[in-house]
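Heads up, the thing below is written out as structure tokens.
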Amino acid sequence: MGLAKTEMFTDEQNEISLFAKVFGHPARVAILEHLFKIDRCVCGDLVNEIGLAQPTISQHLKELKHLGLIKGNVVGTSVCYCINTENWVKMKEVMIRFLDKDIPKPDCC
């Protein structure tokens with residue numbers, strides 16, 4: 001069996017791709033912005049804040065949690081979500097390293 005396409009690329013290239021994918025939906029960006037704005041964990045009020053159905057919010061939370069940008073803790077019958085600070089800092093380092101590259105020949109093409 002052949003290599004998975006992701007195995008053709010470096011770990012950092014795959015990581016950048018995953019970050020770009022998670023930022024590729026405005027609902028996930030809105031969730032992250034809300035978590036930063038309130039500066040605490042959120043327990044269930046994202047539906048009213050974001051304006052999407054609960055199953056849709058849950059799917060976006062799952063994607064953000066899978067990548068490690070947020071973390072969730074069970075509190076009673078709810079799951080409370082907040083920014084995973086350690087992983088957020090790591091993500092920023094990876095993305096800044098990539099986005100801080102300069103174009104060597106601006107007159108090319």
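Identifiers in this document derive from the order of the structure tokens: chains are assigned A, B, ..., residues are numbered from 1 separately in each chain, and ligands are numbered from 1 in order of occurrence.
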
Name the residues in contact with Leu52 (chain A) at a cut-off of 12 Å, using only C-alpha atoms, excluding same-chain residues fewer than 4 positions from it; report them as a PyMOL selection string. chain A and resi 26-28+30-31+45-48+56-60

Within 6 Å of region 77-93 of chain A, which residues of region 9-47 of chain A show up? Give each one with its shortest atom-to-atom distance in Å (one decimal) and the two atoms involved, counting only C-alpha atoms, rows by chain then rising residue number, as CSV.
residue,atom,partner,partner_atom,distance
A:Cys41,CA,A:Cys82,CA,4.4
A:Val42,CA,A:Cys80,CA,5.2
A:Cys43,CA,A:Cys80,CA,4.2

Please dump the current selection as a PDB file, in the first residue's frame; keep N, CA, C and O atoms.
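The file below, part_17.pdb, is the result:
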ATOM      1  N   CYS A  41     -13.922  30.218  30.777  1.00  0.00           N
ATOM      2  CA  CYS A  41     -14.570  29.086  30.123  1.00  0.00           C
ATOM      3  C   CYS A  41     -16.033  29.411  29.839  1.00  0.00           C
ATOM      4  O   CYS A  41     -16.670  30.165  30.568  1.00  0.00           O
ATOM      5  N   VAL A  42     -16.540  28.831  28.774  1.00  0.00           N
ATOM      6  CA  VAL A  42     -17.937  29.019  28.409  1.00  0.00           C
ATOM      7  C   VAL A  42     -18.640  27.672  28.563  1.00  0.00           C
ATOM      8  O   VAL A  42     -18.110  26.637  28.185  1.00  0.00           O
ATOM      9  N   CYS A  43     -19.819  27.727  29.169  1.00  0.00           N
ATOM     10  CA  CYS A  43     -20.590  26.503  29.421  1.00  0.00           C
ATOM     11  C   CYS A  43     -21.981  26.628  28.785  1.00  0.00           C
ATOM     12  O   CYS A  43     -22.925  27.059  29.441  1.00  0.00           O
TER      13      CYS A  43
END

Long-range neighbours of region 8-18 of chain A as a PyMOL selection string, 9 Å cut-off, only C-alpha atoms, 5 positions minimum in chain: chain A and resi 3+23+67+91+94-95+98

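Our summary of the geometry notes that CA of Phe19 (chain A) is positioned 11.9 Å from CA of Ile96 (chain A).
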
Running DSSP on the backbone, which parts of region 15-107 of chain A land in helix (DSSP H, G or I), as a PyMOL selection string? chain A and resi 15-22+26-38+46-50+54-67+85-99

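Interatomic distance, CA of Asp39 (chain A) against CA of Glu63 (chain A): 20.4 Å.
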
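For the pair CA of Lys62 (chain A) and CA of Val74 (chain A), the separation is 14.2 Å.
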